[in-house]
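Visitor: My structure is stored as input_31.cif, with mmCIF, C-alpha atoms and all ligand atoms.
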data_work
#
loop_
_atom_site.label_atom_id
_atom_site.label_comp_id
_atom_site.auth_asym_id
_atom_site.auth_seq_id
_atom_site.Cartn_x
_atom_site.Cartn_y
_atom_site.Cartn_z
CA ALA J 250 82.50 80.71 22.11
CA VAL J 251 79.10 80.16 20.56
CA SER J 252 78.53 76.49 19.81
CA ALA J 253 77.74 75.58 16.22
CA GLU J 254 74.37 74.39 17.39
CA ALA J 255 73.31 77.62 19.06
CA TYR J 256 74.83 79.71 16.29
CA GLY J 257 72.92 77.75 13.68
CA LYS J 258 69.72 78.50 15.52
CA TRP J 259 70.34 82.24 15.71
CA ASN J 260 71.36 82.21 12.10
CA LYS J 261 68.07 80.64 11.09
CA LYS J 262 66.51 83.84 12.42
CA GLU J 263 64.04 81.98 14.54
CA ASP J 264 62.71 84.67 16.81
CA PHE J 265 64.49 83.70 19.92
CA HIS J 266 64.54 86.71 22.19
CA PRO J 267 65.76 85.25 25.43
CA ARG J 268 64.33 86.97 28.47
CA VAL J 269 66.80 88.98 30.48
CA ILE J 270 66.13 89.35 34.17
CA PRO J 271 68.63 91.79 35.68
CA LYS J 272 70.92 90.44 38.41
CA SER J 273 73.92 91.64 40.36
CA GLN J 274 77.33 90.46 39.19
CA GLU J 275 77.64 88.52 42.40
CA THR J 276 74.39 86.67 41.71
CA GLU J 277 75.52 85.88 38.17
CA LYS J 278 78.77 84.45 39.47
CA HIS J 279 76.90 82.38 42.00
CA LEU J 280 74.46 81.09 39.38
CA SER J 281 77.34 80.14 37.15
CA LYS J 282 78.66 77.90 39.92
CA ARG J 283 75.20 76.46 40.58
CA LEU J 284 74.79 75.53 36.93
CA SER J 285 78.17 73.87 36.70
CA THR J 286 77.16 71.28 39.30
CA SER J 287 73.55 70.90 38.19
CA PHE J 288 72.44 68.06 35.98
CA MET J 289 71.67 69.06 32.37
CA PHE J 290 73.42 72.41 32.81
CA SER J 291 76.92 71.26 33.68
CA HIS J 292 77.80 70.98 29.97
CA LEU J 293 77.03 74.64 29.25
CA HIS J 294 79.80 77.16 28.63
CA GLY J 295 80.31 80.67 27.35
CA THR J 296 77.49 82.43 25.57
CA GLU J 297 74.96 79.67 26.06
CA LYS J 298 75.56 79.52 29.77
CA ASN J 299 75.32 83.28 29.99
CA ILE J 300 71.96 83.33 28.20
CA VAL J 301 70.62 80.80 30.70
CA ILE J 302 71.92 82.83 33.65
CA GLN J 303 70.30 85.99 32.29
CA ALA J 304 66.97 84.22 31.80
CA MET J 305 66.73 82.71 35.27
CA GLU J 306 64.21 84.21 37.62
CA GLU J 307 64.24 84.05 41.39
CA LYS J 308 61.12 82.69 43.01
CA LYS J 309 60.39 82.55 46.74
CA VAL J 310 57.94 79.95 47.98
CA ASN J 311 56.50 79.25 51.42
CA ASN J 312 56.02 76.11 53.44
CA GLY J 313 53.29 73.97 51.88
CA ASP J 314 53.18 75.82 48.54
CA THR J 315 52.64 73.55 45.52
CA VAL J 316 55.32 74.48 43.00
CA ILE J 317 54.29 71.83 40.47
CA ARG J 318 51.06 69.84 40.34
CA GLU J 319 50.96 66.43 38.65
CA GLY J 320 48.84 66.55 35.48
CA ASP J 321 49.15 70.31 34.93
CA GLY J 322 50.84 71.81 31.90
CA GLY J 323 54.33 73.09 32.56
CA ASN J 324 56.35 75.99 31.19
CA GLU J 325 59.38 76.19 33.43
CA LEU J 326 61.88 74.12 35.31
CA TYR J 327 63.46 74.95 38.64
CA ILE J 328 66.80 74.81 40.36
CA VAL J 329 66.78 74.89 44.15
CA GLU J 330 68.78 77.75 45.66
CA SER J 331 67.88 77.02 49.28
CA GLY J 332 65.34 75.06 51.28
CA ASN J 333 63.77 71.64 50.83
CA LEU J 334 60.90 70.29 48.75
CA LYS J 335 59.05 67.00 48.60
CA CYS J 336 58.09 65.16 45.43
CA TYR J 337 54.92 63.03 45.27
CA LYS J 338 53.54 60.87 42.50
CA LYS J 339 50.12 59.21 42.19
CA ILE J 340 50.68 55.49 42.27
CA ALA J 341 47.57 53.28 42.34
CA GLY J 342 45.44 56.32 43.20
CA GLU J 343 47.55 57.39 46.16
CA ASP J 344 50.09 60.21 46.44
CA LYS J 345 53.37 58.49 47.18
CA HIS J 346 56.37 60.43 48.48
CA ILE J 347 59.14 59.53 46.02
CA LYS J 348 61.98 61.92 46.74
CA ASP J 349 63.26 65.14 48.28
CA TYR J 350 65.03 68.08 46.74
CA SER J 351 67.52 70.47 48.30
CA ALA J 352 70.04 73.13 47.24
CA GLY J 353 71.54 72.45 43.82
CA ASP J 354 68.88 69.99 42.65
CA ALA J 355 66.73 70.63 39.60
CA PHE J 356 63.22 69.44 38.81
CA GLY J 357 60.38 70.06 36.36
CA GLU J 358 62.43 69.25 33.27
CA LEU J 359 60.32 66.33 32.04
CA ALA J 360 57.33 68.42 30.93
CA LEU J 361 59.73 70.55 28.88
CA LEU J 362 61.79 67.70 27.45
CA TYR J 363 58.84 65.58 26.36
CA ASN J 364 56.02 68.14 26.01
CA ALA J 365 54.14 66.14 28.60
CA PRO J 366 51.95 67.05 31.58
CA ARG J 367 53.75 67.34 34.90
CA ALA J 368 54.68 63.80 36.00
CA ALA J 369 54.76 64.49 39.74
CA THR J 370 53.76 67.03 42.40
CA ILE J 371 56.36 69.13 44.18
CA ILE J 372 55.60 70.88 47.46
CA ALA J 373 57.80 73.19 49.52
CA ASP J 374 58.82 71.80 52.90
CA GLY J 375 59.57 75.11 54.59
CA GLN J 376 60.58 78.36 52.87
CA CYS J 377 62.52 77.94 49.64
CA ILE J 378 64.28 80.08 47.11
CA LEU J 379 64.17 78.68 43.57
CA TRP J 380 65.49 79.74 40.18
CA SER J 381 63.11 79.18 37.31
CA LEU J 382 64.05 78.82 33.66
CA ASP J 383 61.40 79.38 30.98
CA ARG J 384 60.52 76.84 28.30
CA GLU J 385 61.70 79.03 25.43
CA CYS J 386 65.20 79.45 26.77
CA PHE J 387 65.39 75.81 27.81
CA ASN J 388 64.28 74.66 24.35
CA HIS J 389 66.80 76.80 22.54
CA ILE J 390 69.82 76.23 24.68
CA VAL J 391 69.53 73.00 26.65
CA LYS J 392 66.87 70.69 25.29
CA ASP J 393 68.41 69.18 22.14
CA ALA J 394 71.74 68.39 23.72
CA ALA J 395 70.04 66.91 26.80
CA MET J 396 67.72 64.74 24.70
CA ARG J 397 70.65 63.53 22.62
CA ARG J 398 72.72 62.62 25.68
CA ARG J 399 69.78 60.82 27.31
CA GLU J 400 69.08 58.83 24.16
CA LYS J 401 72.73 58.12 23.49
CA TYR J 402 73.40 56.66 26.91
CA ALA J 403 70.03 55.13 27.85
CA ASP J 404 70.83 51.86 26.13
CA PHE J 405 74.43 51.52 27.32
CA LEU J 406 73.60 52.46 30.92
CA SER J 407 70.70 50.01 31.08
CA LYS J 408 73.20 47.24 30.34
CA VAL J 409 75.66 48.23 33.05
CA GLU J 410 75.12 45.57 35.70
CA LEU J 411 75.68 47.96 38.60
CA LEU J 412 72.88 50.24 37.37
CA ALA J 413 70.37 47.53 36.46
CA GLY J 414 68.21 48.10 39.56
CA MET J 415 68.15 51.84 39.15
CA ASP J 416 64.95 53.63 38.18
CA PRO J 417 65.10 54.59 34.45
CA TYR J 418 64.35 58.19 35.41
CA GLU J 419 67.41 58.28 37.63
CA ARG J 420 69.52 56.60 34.96
CA SER J 421 68.55 59.37 32.57
CA GLN J 422 69.79 61.91 35.11
CA LEU J 423 73.04 60.02 35.16
CA ALA J 424 73.27 60.51 31.39
CA ASP J 425 72.91 64.25 32.02
CA VAL J 426 76.00 64.55 34.15
CA LEU J 427 78.36 61.92 32.75
CA LYS J 428 81.47 63.21 31.04
CA THR J 429 83.73 61.28 28.68
CA LEU J 430 87.48 60.75 29.09
CA PHE J 431 89.82 59.07 26.61
CA PHE J 432 93.07 57.26 27.37
CA ALA J 433 95.70 55.58 25.21
CA ALA J 434 97.23 52.15 25.92
CA ASN J 435 99.46 52.22 29.03
CA ASP J 436 98.14 55.59 30.29
CA PHE J 437 97.51 55.68 34.00
CA VAL J 438 93.87 56.45 34.75
CA ILE J 439 94.42 56.16 38.51
CA ARG J 440 97.60 55.95 40.60
CA GLN J 441 97.68 54.07 43.87
CA GLY J 442 98.07 56.38 46.86
CA GLU J 443 96.73 59.52 45.18
CA GLU J 444 93.64 61.37 46.28
CA GLY J 445 90.58 60.35 44.25
CA ASN J 446 87.51 62.36 43.31
CA VAL J 447 86.21 60.62 40.21
CA PHE J 448 84.23 57.45 39.47
CA TYR J 449 84.71 55.61 36.14
CA ILE J 450 82.58 53.30 33.97
CA VAL J 451 84.34 51.67 31.01
CA GLU J 452 82.45 52.44 27.81
CA GLU J 453 84.97 51.13 25.25
CA GLY J 454 88.29 49.32 25.55
CA ASN J 455 90.00 47.51 28.39
CA ALA J 456 91.87 48.46 31.53
CA VAL J 457 93.83 46.67 34.21
CA ALA J 458 94.15 47.29 37.95
CA THR J 459 97.53 46.71 39.55
CA LYS J 460 98.37 46.99 43.22
CA VAL J 461 101.50 46.97 45.32
CA LEU J 462 100.87 43.97 47.55
CA ASN J 463 104.35 43.51 48.99
CA PRO J 464 106.22 46.74 49.74
CA ASP J 465 109.48 45.61 48.11
CA GLN J 466 107.91 44.27 44.92
CA PRO J 467 106.38 45.98 41.86
CA ALA J 468 102.61 46.30 41.53
CA GLN J 469 100.83 43.07 40.53
CA GLU J 470 97.80 42.70 38.30
CA VAL J 471 94.63 42.23 40.37
CA LEU J 472 91.70 42.89 38.01
CA ARG J 473 90.78 43.42 34.35
CA TYR J 474 88.03 45.77 33.23
CA MET J 475 85.78 45.47 30.19
CA PRO J 476 83.00 47.72 28.84
CA GLY J 477 80.25 48.01 31.46
CA ASP J 478 82.67 47.53 34.39
CA TYR J 479 83.35 50.31 36.88
CA PHE J 480 86.22 51.37 39.12
CA GLY J 481 87.32 54.26 41.31
CA GLU J 482 84.45 53.91 43.77
CA LEU J 483 86.48 52.97 46.87
CA ALA J 484 88.19 56.33 47.35
CA LEU J 485 84.77 57.96 47.12
CA ILE J 486 82.87 55.71 49.51
CA ARG J 487 85.69 55.26 52.03
CA ASN J 488 87.36 58.68 51.75
CA GLU J 489 90.72 56.97 51.41
CA PRO J 490 93.56 57.37 48.90
CA ARG J 491 93.38 55.31 45.71
CA ALA J 492 93.87 51.65 46.66
CA ALA J 493 95.28 50.53 43.30
CA ASN J 494 96.57 51.74 39.92
CA VAL J 495 94.33 51.51 36.89
CA GLN J 496 95.95 51.57 33.48
CA ALA J 497 94.51 51.50 29.98
CA VAL J 498 95.32 48.28 28.11
CA SER J 499 94.06 49.58 24.77
CA ASP J 500 92.45 52.80 23.63
CA LEU J 501 90.05 53.39 26.47
CA LYS J 502 86.89 55.46 26.69
CA CYS J 503 85.44 56.03 30.13
CA LEU J 504 82.29 57.71 31.38
CA VAL J 505 83.13 59.64 34.51
CA LEU J 506 81.26 61.15 37.43
CA ASP J 507 82.67 63.65 39.89
CA ARG J 508 82.34 63.07 43.64
CA HIS J 509 79.32 65.33 44.00
CA SER J 510 77.29 63.63 41.24
CA PHE J 511 78.46 60.21 42.41
CA LYS J 512 77.14 60.85 45.92
CA ARG J 513 73.90 62.33 44.69
CA LEU J 514 73.05 59.82 41.97
CA LEU J 515 74.80 56.64 43.06
CA GLY J 516 74.36 57.19 46.80
CA PRO J 517 71.48 54.67 46.82
CA LEU J 518 73.85 52.05 45.35
CA GLU J 519 76.42 52.42 48.10
CA ASP J 520 75.39 49.15 49.77
CA ILE J 521 75.88 47.24 46.51
CA LEU J 522 79.22 48.96 45.94
CA ARG J 523 80.38 48.07 49.45
CA ARG J 524 79.26 44.49 49.04
CA ASN J 525 81.06 44.18 45.71
CA ALA J 526 84.18 45.71 47.24
CA LYS J 527 84.47 42.81 49.71
CA HIS J 528 85.42 40.76 46.67
CA TYR J 529 88.67 42.79 46.35
CA GLU J 530 90.02 41.35 49.59
CA ASP J 531 89.60 37.81 48.26
CA ILE J 532 91.48 38.70 45.09
CA VAL J 533 94.29 40.32 47.06
CA ALA J 534 94.55 37.28 49.33
CA LYS J 535 94.75 34.99 46.29
CA THR J 536 97.26 37.14 44.40
CA LYS J 537 99.58 37.85 47.30
CA VAL J 538 102.51 35.43 47.61
P1 LIG C 1 57.90 67.39 35.44
O1 LIG C 1 58.05 68.55 34.52
O2 LIG C 1 57.10 66.24 34.97
C1 LIG C 1 57.39 67.02 37.95
O3 LIG C 1 57.31 67.92 36.83
C2 LIG C 1 58.82 66.67 38.18
O4 LIG C 1 59.09 65.70 39.18
C3 LIG C 1 59.39 65.96 36.94
O5 LIG C 1 59.38 66.86 35.85
C4 LIG C 1 60.72 65.53 37.49
O6 LIG C 1 61.61 66.61 37.49
C5 LIG C 1 60.39 65.18 38.95
N1 LIG C 1 58.91 60.28 37.78
C6 LIG C 1 58.56 61.46 37.22
N2 LIG C 1 59.00 62.67 37.62
C7 LIG C 1 59.85 62.70 38.63
C8 LIG C 1 60.25 61.52 39.26
C9 LIG C 1 59.76 60.26 38.81
N3 LIG C 1 61.08 61.86 40.22
C10 LIG C 1 61.21 63.20 40.20
N4 LIG C 1 60.45 63.74 39.24
N5 LIG C 1 60.11 59.04 39.38
C11 LIG C 1 60.94 58.93 40.56
C12 LIG C 1 62.20 58.16 40.40
C13 LIG C 1 62.92 58.01 41.73
C14 LIG C 1 59.54 57.78 38.88
C15 LIG C 1 58.43 57.34 39.79
C16 LIG C 1 57.70 56.09 39.31
#
Show me this structure written as structure tokens.
Ligand code: 1OR
Guide:
Amino acid sequence: AVSAEAYGKWNKKEDFHPRVIPKSQETEKHLSKRLSTSFMFSHLHGTEKNIVIQAMEEKKVNNGDTVIREGDGGNELYIVESGNLKCYKKIAGEDKHIKDYSAGDAFGELALLYNAPRAATIIADGQCILWSLDRECFNHIVKDAAMRRREKYADFLSKVELLAGMDPYERSQLADVLKTLFFAANDFVIRQGEEGNVFYIVEEGNAVATKVLNPDQPAQEVLRYMPGDYFGELALIRNEPRAANVQAVSDLKCLVLDRHSFKRLLGPLEDILRRNAKHYEDIVAKTKV
């Protein structure tokens, strides 16, 4: 289906003639999968997604090639198909290595989102295959929704204690991939013992964690969650089944991250998450009779 937003734009008869770069069906299928796990693109469906797939252009680069140079103008963003790249930014006059990119990552979106010069330099570390998306297609299909999501969540995410130390740029990428889930009072969000692949942050409402502490007794309350609190991280960092139930206490709105995005974006917070998790054992010891 064509979203109201995109339809409105075509209807306004702006001359949007998206570029079409022919690809095999196999490649299109593959790109569709790539986009569904890539930040900013994971929300696309149907016609819009198809337009983006058609417009993407394959680009091969060699070891040492500069794909983006800080300060230049920019007219495309890139998704990495294969290979690795290094990102550098001038800080106090020196090029500092700030991060690496590999398959599935995207970069070069800032110049398009904010009409700004390139904010960093990106250099191929070995041979790479990239997919580029042109500014026109990005502006028509992706930009408005991405800007809205970033603005909508910037404030809330900056107040989530867990994310306080995170770079604002990385928090904005989090806003790109977060999805929203709603629950009614008493709904189970998580069941103890099940396999878990999702991480939750409470946006609105309250939830309670209960856990079977003695095998012959019902689950006991161990924790309460309020907006800004998170849960569901243990199964993801320990690769273990869910260690407790979580149930909605009221209408509950959660922001959720799948395992892949969790690892990629919250990977750097794993030490904090593990440290915080030690706290659970104290609660269990206190609750257990
Ligand atoms: P661009 O179009 O400005 C350079 O081209 C790209 O580098 C940029 O989009 C981002 O995709 C990517 N600050 C600015 N740009 C960054 C950063 C970054 N990291 C990646 N890019 N910071 C790093 C945060 C860990 C902030 C550094 C102070």
Visitor: Go through J:Ala484, J:Val438, J:Leu504, J:Ala413 one by one, measure the shortest atom-to-atom distance of each to Leu518 in chain J using only C-alpha atoms, and give the residue with the smallest value.
Guide: J:Ala413
Visitor: Residues at most 7 Å from range 485-491 of chain J, counting all atoms listed in the file, excluding those fewer than 2 positions away in the same chain, as a ChimeraX atom specification?
Guide: /J:440-446,482-483,493,508
Visitor: Could you give me the centre and size, in Å to one decimal, of an axis-aligned box around all listed atoms of range 328-336 of chain J with 5 Å added on every side, as JSON?
Guide:
{"center_x": 63.4, "center_y": 71.5, "center_z": 45.8, "size_x": 20.7, "size_y": 22.6, "size_z": 20.9}
Visitor: What is the distance, in Å and to one decimal place, between CA of Glu307 in chain J and CA of Glu275 in chain J?
Guide: 14.2 Å
Visitor: Point out the residue among J:Asn364, J:Asn388, J:Asn525, J:Ser510 with the least atom-to-atom distance to ligand LIG 1 (chain C), counting all atoms listed in the file.
Guide: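 Of the candidates, the smallest distance to ligand LIG 1 (chain C) is held by J:Asn364.
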Visitor: Give as a PyMOL selection string the residues surrounding ligand LIG 1 (chain C) up to a distance of 6 Å, considering all atoms listed in the file.
Guide: chain J and resi 347+356-360+367-370+416+418-419
Visitor: Find the residues around range 297-302 of chain J up to 10 Å (only C-alpha atoms counted), leave out those fewer than 5 positions away in its own chain, and share them as a CSV table (one decimal) with C-alpha atoms, in the coordinates of the input.
Guide:
chain,number,residue,atom,x,y,z
J,250,ALA,CA,82.5,80.7,22.1
J,251,VAL,CA,79.1,80.2,20.6
J,252,SER,CA,78.5,76.5,19.8
J,255,ALA,CA,73.3,77.6,19.1
J,256,TYR,CA,74.8,79.7,16.3
J,267,PRO,CA,65.8,85.2,25.4
J,268,ARG,CA,64.3,87.0,28.5
J,269,VAL,CA,66.8,89.0,30.5
J,270,ILE,CA,66.1,89.4,34.2
J,271,PRO,CA,68.6,91.8,35.7
J,272,LYS,CA,70.9,90.4,38.4
J,276,THR,CA,74.4,86.7,41.7
J,277,GLU,CA,75.5,85.9,38.2
J,278,LYS,CA,78.8,84.4,39.5
J,279,HIS,CA,76.9,82.4,42.0
J,280,LEU,CA,74.5,81.1,39.4
J,281,SER,CA,77.3,80.1,37.2
J,283,ARG,CA,75.2,76.5,40.6
J,284,LEU,CA,74.8,75.5,36.9
J,285,SER,CA,78.2,73.9,36.7
J,290,PHE,CA,73.4,72.4,32.8
J,291,SER,CA,76.9,71.3,33.7
J,292,HIS,CA,77.8,71.0,30.0
J,380,TRP,CA,65.5,79.7,40.2
J,382,LEU,CA,64.0,78.8,33.7
J,383,ASP,CA,61.4,79.4,31.0
J,386,CYS,CA,65.2,79.4,26.8
J,387,PHE,CA,65.4,75.8,27.8
J,389,HIS,CA,66.8,76.8,22.5
J,390,ILE,CA,69.8,76.2,24.7
J,391,VAL,CA,69.5,73.0,26.6
Visitor: Calculated over all atoms listed in the file, which of the candidates J:Phe288, J:Tyr350, J:Phe448, J:Tyr474 has the smallest distance to Leu522 in chain J?
Guide: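 Of the candidates, the smallest distance to Leu522 in chain J is held by J:Phe448.
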Visitor: What gap, in Å, lies between CA of Leu411 in chain J and CA of Gly477 in chain J?
Guide: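 Pair CA of Leu411 in chain J / CA of Gly477 in chain J returns 8.5 Å.
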Visitor: Under the rule that all atoms listed in the file are counted, which of J:Asn435, J:Thr286, J:Ser273, J:Asn494 is the nearest residue to Asp507 in chain J?
Guide: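 Nearest candidate to Asp507 in chain J out of J:Asn435, J:Thr286, J:Ser273, J:Asn494: J:Thr286.
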